[in-house]
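So the structure is just underneath, and the comments pick up after that.
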Amino acid sequence: MLQPLNLPPHPFKISDDNGTLTLFDEIRKKNIIITPEEWVRQHFVQYLIKQKNYPRSLIKLEGGLKLNTLQKRTDIVVFNSVGQRILMVECKAPSVTIDQKTFDQIARYNMVHKVSLLAVSNGLQHYYCTIDHEKCTYQFIEELPVYVKG
């Protein structure tokens, strides 16, 4: 049984391959093994597309980035129509408590990407904040903004 999340449900195409559950990832266009973190990532992507109007074509999943000498992966990055990163999302499994360590992780990734809107979710709790890179400040916000073309 897949855990219900605090995100809108979506009719995923789920398959059982000898006891391993997979779902069709509409962004990567392939079947992906459903881990607890992937379950959150897939729901969050659908939330971005269906509730917040972010275009599917501007969403990238598990993109690579180099942090100092380490190769890391961002869960979700959303771009605007001219290719600038506008939103970065860090997804955790529902069993993972979102704490300072989680925020530190996305902040480290953002030293590379310099995105002004960040989100952290374990599928049950979601935190959003805006970053002002010039003033070196951040502010938590209640809701993710709806996508505005530009």
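Just remember, in the structure tokens the first chain shown is A, the second B, etc., residues are 1-based per chain, and ligands are 1-based in the order shown.
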
#### Entry: His113 in chain A surroundings by only C-alpha atoms, 8 Å radius, close-in-sequence under 3 positions cut, as an MDAnalysis selection string
chainID A and resid 85 109:110

For the interface of range 37-128 of chain A with range 133-138 of chain A (cut-off 10 Å, counting only C-alpha atoms), please tabulate each contacting residue of range 37-128 of chain A alongside its nearest pair of atoms and their separation in Å to one decimal, rows sorted by chain and increasing number, as JSON lines.
```
{"residue": "A:Met111", "atom": "CA", "partner": "A:His133", "partner_atom": "CA", "distance": 9.8}
{"residue": "A:Lys114", "atom": "CA", "partner": "A:His133", "partner_atom": "CA", "distance": 7.3}
{"residue": "A:Val115", "atom": "CA", "partner": "A:His133", "partner_atom": "CA", "distance": 8.6}
{"residue": "A:Ser116", "atom": "CA", "partner": "A:His133", "partner_atom": "CA", "distance": 7.4}
{"residue": "A:Leu117", "atom": "CA", "partner": "A:Tyr138", "partner_atom": "CA", "distance": 9.4}
{"residue": "A:Leu118", "atom": "CA", "partner": "A:Tyr138", "partner_atom": "CA", "distance": 9.8}
```

Resulting file, chosen residues, C-alpha atoms, as a compact mmCIF listing (two decimals), in the first residue's frame:
```txt
# COMPACT_ATOMS: atom_id res chain seq x y z
CA MET A 111 24.84 28.31 -3.71
CA LYS A 114 21.05 30.86 -7.14
CA VAL A 115 17.29 30.24 -7.41
CA SER A 116 14.95 32.77 -5.76
CA LEU A 117 12.19 30.30 -4.80
CA LEU A 118 12.82 27.12 -2.80
```

### Task
Mind checking which residues fall within 9 Å of His10 in chain A, counting only C-alpha atoms, ignoring those fewer than 4 positions away in the same chain, and posting them as a ChimeraX atom specification?
/A:43,46-47

### Task
Report the distance between CA of Ile141 in chain A and CA of Val96 in chain A in Å, rounded to one decimal place.
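Distance reported for this atom pair: 21.6 Å.
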
### Task
Would you work out the distance separating CA of Thr130 in chain A from CA of Ile49 in chain A, expressed in Å to one decimal?
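CA of Ile49 in chain A lies at a distance of 19.7 Å from CA of Thr130 in chain A.
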